[in-house]
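*Asks:* My structure is in coords_24.txt, and what it holds is compact mmCIF, C-alpha atoms:
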```txt
# COMPACT_ATOMS: atom_id res chain seq x y z
CA MET K 221 -6.55 -21.89 -64.94
CA LYS K 222 -6.77 -21.07 -68.66
CA ASN K 223 -8.57 -17.81 -67.89
CA ARG K 224 -5.82 -16.78 -65.47
CA ILE K 225 -3.09 -17.47 -68.06
CA LEU K 226 -5.07 -15.54 -70.68
CA LEU K 227 -5.50 -12.60 -68.30
CA ILE K 228 -1.77 -12.55 -67.49
CA LEU K 229 -0.93 -12.66 -71.20
CA ILE K 230 -3.26 -9.73 -71.92
CA VAL K 231 -1.75 -7.68 -69.09
CA VAL K 232 1.79 -8.39 -70.30
CA LEU K 233 0.87 -7.41 -73.87
CA ALA K 234 -0.81 -4.20 -72.68
CA ILE K 235 2.26 -3.24 -70.65
CA GLY K 236 4.50 -3.98 -73.63
CA ALA K 237 2.34 -1.92 -75.97
CA GLY K 238 2.34 0.98 -73.51
CA TRP K 239 6.11 0.81 -73.22
CA LEU K 240 6.51 0.82 -77.02
CA LEU K 241 4.24 3.86 -77.36
CA PHE K 242 6.17 5.67 -74.65
CA MET K 243 9.51 4.91 -76.34
CA ARG K 244 8.23 5.97 -79.76
CA LYS K 245 6.88 9.25 -78.38
CA ARG K 246 10.20 9.85 -76.62
CA GLU K 247 12.14 9.08 -79.82
CA ASN K 248 9.94 11.42 -81.88
CA SER K 249 10.33 14.28 -79.44
CA SER K 250 14.11 13.89 -79.40
CA ARG K 251 14.17 13.65 -83.20
CA ARG K 252 12.43 17.03 -83.49
CA THR K 253 15.33 18.75 -81.80
CA GLU K 254 17.97 17.09 -83.98
CA HIS K 255 17.19 19.06 -87.17
CA PRO K 256 18.67 22.53 -86.80
CA SER K 257 19.05 22.85 -90.57
CA VAL K 258 15.31 22.71 -91.16
CA VAL K 259 13.72 25.93 -92.36
CA PHE K 260 10.69 26.90 -90.30
CA GLU K 261 8.59 29.64 -91.81
CA PRO K 262 6.24 30.45 -88.95
CA SER K 263 3.59 32.25 -90.91
CA VAL K 264 2.43 33.58 -94.21
CA SER K 265 0.40 36.77 -94.34
CA SER K 266 -3.01 36.84 -95.86
CA SER K 267 -3.31 38.63 -99.18
CA GLU K 268 -5.84 41.03 -97.67
CA PRO K 269 -4.30 44.45 -97.05
CA HIS K 270 -5.94 44.97 -93.64
CA SER K 271 -5.45 41.52 -92.16
CA ASP K 272 -4.47 41.14 -88.53
CA SER K 273 -2.16 38.57 -86.95
CA SER K 274 -5.06 36.16 -86.30
CA SER K 275 -5.31 35.52 -90.06
CA ARG K 276 -1.69 34.34 -90.28
CA VAL K 277 -1.13 30.66 -90.99
CA ARG K 278 1.78 28.44 -89.94
CA VAL K 279 3.84 27.00 -92.79
CA PRO K 280 5.31 23.58 -91.90
CA ALA K 281 9.05 22.89 -92.18
CA TYR K 282 10.87 22.54 -95.48
CA GLN K 283 14.50 22.59 -96.58
CA SER K 284 16.26 25.25 -98.60
CA ALA K 285 17.99 24.40 -101.87
CA SER K 286 21.38 24.53 -100.14
CA GLN K 287 20.33 21.81 -97.64
CA ILE K 288 19.30 19.06 -100.04
CA ASP K 289 22.61 17.59 -101.09
CA LYS K 290 22.25 14.41 -98.96
CA LEU K 291 18.65 13.25 -98.97
CA GLU K 292 17.61 9.86 -97.66
CA PRO K 293 16.35 7.57 -100.44
CA THR K 294 12.61 7.10 -100.75
CA LEU K 295 10.96 3.69 -100.57
CA PRO K 296 10.54 1.83 -103.88
CA PRO K 297 7.23 2.67 -105.59
CA ALA K 298 6.71 -1.03 -106.40
CA GLN K 299 5.86 -1.64 -102.73
CA PHE K 300 2.61 0.30 -103.18
CA VAL K 301 -0.42 0.40 -105.46
CA GLY K 302 -2.57 2.98 -107.20
CA LYS K 303 -2.30 6.64 -106.32
CA THR K 304 0.16 5.86 -103.52
CA ARG K 305 2.51 4.15 -105.98
CA ALA K 306 2.31 7.19 -108.27
CA ALA K 307 3.20 9.47 -105.34
CA TYR K 308 6.20 7.32 -104.34
CA GLN K 309 7.28 7.34 -108.00
CA ALA K 310 7.05 11.14 -108.02
CA ALA K 311 9.10 11.26 -104.80
CA LYS K 312 11.72 9.06 -106.44
CA GLU K 313 11.87 11.30 -109.54
CA ILE K 314 11.80 14.76 -107.90
CA PRO K 315 13.19 14.33 -104.36
CA GLN K 316 15.01 17.69 -104.43
CA THR K 317 11.77 19.50 -105.17
CA LEU K 318 9.81 17.64 -102.47
CA ALA K 319 12.58 18.44 -99.97
CA GLN K 320 11.89 22.13 -100.60
CA LEU K 321 8.17 21.76 -99.85
CA PRO K 322 6.32 21.87 -96.54
CA CYS K 323 4.03 18.96 -95.73
CA TYR K 324 0.61 20.06 -94.58
CA CYS K 325 -0.16 16.95 -92.55
CA GLU K 326 2.17 18.73 -90.11
CA CYS K 327 4.42 15.71 -89.67
CA ASP K 328 7.26 18.14 -88.95
CA GLN K 329 5.71 18.58 -85.51
CA ALA K 330 4.42 15.03 -85.03
CA PHE K 331 7.40 13.07 -86.42
CA GLY K 332 10.21 15.59 -86.86
CA HIS K 333 10.06 15.44 -90.66
CA LYS K 334 12.21 18.03 -92.44
CA SER K 335 10.02 18.36 -95.54
CA LEU K 336 7.51 16.59 -97.78
CA GLN K 337 10.34 14.38 -99.08
CA SER K 338 10.82 12.98 -95.55
CA CYS K 339 7.33 11.46 -95.73
CA PHE K 340 8.46 9.11 -98.50
CA VAL K 341 11.58 7.64 -96.88
CA ASP K 342 9.29 5.35 -94.88
CA ASP K 343 5.66 4.27 -95.18
CA HIS K 344 4.23 7.45 -93.62
CA ALA K 345 3.03 8.83 -96.96
CA SER K 346 1.33 5.52 -97.82
CA GLN K 347 -1.08 6.19 -94.96
CA CYS K 348 -1.58 9.92 -95.55
CA ALA K 349 -3.71 11.43 -98.32
CA VAL K 350 -2.22 14.89 -97.73
CA CYS K 351 1.32 13.66 -98.47
CA VAL K 352 0.19 11.74 -101.55
CA ASP K 353 -1.87 14.61 -102.97
CA GLU K 354 0.87 17.18 -102.33
CA ALA K 355 3.53 15.04 -104.01
CA LEU K 356 1.35 14.41 -107.07
CA LEU K 357 0.52 18.12 -107.36
CA ALA K 358 4.21 19.03 -107.04
CA TYR K 359 5.09 16.51 -109.74
CA LYS K 360 2.46 17.96 -112.10
CA LEU K 361 3.57 21.52 -111.41
CA GLN K 362 7.21 20.70 -112.08
CA LYS K 363 6.92 18.25 -114.98
CA GLU K 364 3.87 19.54 -116.85
CA ASP K 365 3.75 23.21 -115.89
CA LYS K 366 7.57 23.52 -115.81
CA LEU K 367 7.63 25.44 -112.51
CA PRO K 368 10.86 25.60 -110.48
CA PRO K 369 10.77 24.35 -106.85
CA GLU K 370 10.33 27.86 -105.44
CA GLN K 371 7.16 28.43 -107.44
CA VAL K 372 5.90 24.92 -106.69
CA ARG K 373 6.33 25.77 -102.99
CA GLU K 374 4.35 29.01 -103.43
CA VAL K 375 1.46 27.12 -105.06
CA ILE K 376 1.49 24.43 -102.36
CA ILE K 377 1.52 27.01 -99.55
CA GLU K 378 -1.29 28.99 -101.16
CA LYS K 379 -3.43 25.91 -101.75
CA TYR K 380 -2.94 24.19 -98.40
CA SER K 381 -2.82 27.29 -96.19
CA ALA K 382 -6.26 28.28 -97.45
CA GLN K 383 -7.80 25.00 -96.31
CA PRO K 384 -9.35 24.87 -92.81
```
Output the structure of this file as structure tokens.

*Replies:*
Amino acid sequence: MKNRILLILIVVLAIGAGWLLFMRKRENSSRRTEHPSVVFEPSVSSSEPHSDSSSRVRVPAYQSASQIDKLEPTLPPAQFVGKTRAAYQAAKEIPQTLAQLPCYCECDQAFGHKSLQSCFVDDHASQCAVCVDEALLAYKLQKEDKLPPEQVREVIIEKYSAQP
């Protein structure tokens, strides 16, 4: 009798988990179509003069400077530790810059994110080394190297597009 109840409970939980995954996937796919203001730069040419179209790399979505007037707030850095906390602190301090940067974990396709800043409005970045490393690099480039967002974006694209 106990085994039968346990089996029924497992089946019910499996069905519930499947339903939740289906709903989340459906929500994410509908969210991707809701962001017409997102800038998609489909490719960046290689610096080689005789490169063909096979050497072109997709640049994930980012927002233009004119689209960043109403950004969602990022999560408080105090919720995290170590390098992740530093990245959430950077996102809190330079959200306009991060909004103008593509995120190379390609969450624009997977989750409908508009930019790197979108990764920090929830706990996505806390589970993604790419988001954390990009945000910390952007912070260094802006605060220490005094680069404007456009140049920060160029550095990010160059660095992350070159990686396999």

*Asks:* Quick one: of K:Gln283, K:Thr304, K:Ser346, K:Ser381, who's nearest to Leu318 in chain K, counting all atoms listed in the file?

*Replies:* K:Gln283

*Asks:* I'd like the contact shell of range 350-357 of chain K - 8 Å cut-off, only C-alpha atoms, skipping same-chain residues fewer than 4 positions apart - returned as a list in words.

*Replies:* Lys303, Thr304, Ala306, Ala307, Tyr308, Ala310, Ala311, Leu318, Cys323, Tyr324, Cys325, Leu336, Cys339, Ala345, Ser346, Leu361 and Ile376 of chain K

*Asks:* Mind pulling up the distance from CA of His333 in chain K to CA of Ala281 in chain K?

*Replies:*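 CA of His333 in chain K lies at a distance of 7.7 Å from CA of Ala281 in chain K.
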
*Asks:* What separation in Å, quoted to one decimal, exists between CA of Val279 in chain K and CA of Ala349 in chain K?

*Replies:* 18.2 Å

*Asks:* Which is closer to Arg278 in chain K than all the others in K:Gln329, K:Glu364, K:Ala358, K:Gln316, using all atoms listed in the file?

*Replies:*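 Under the stated criterion, the closest residue is K:Gln329.
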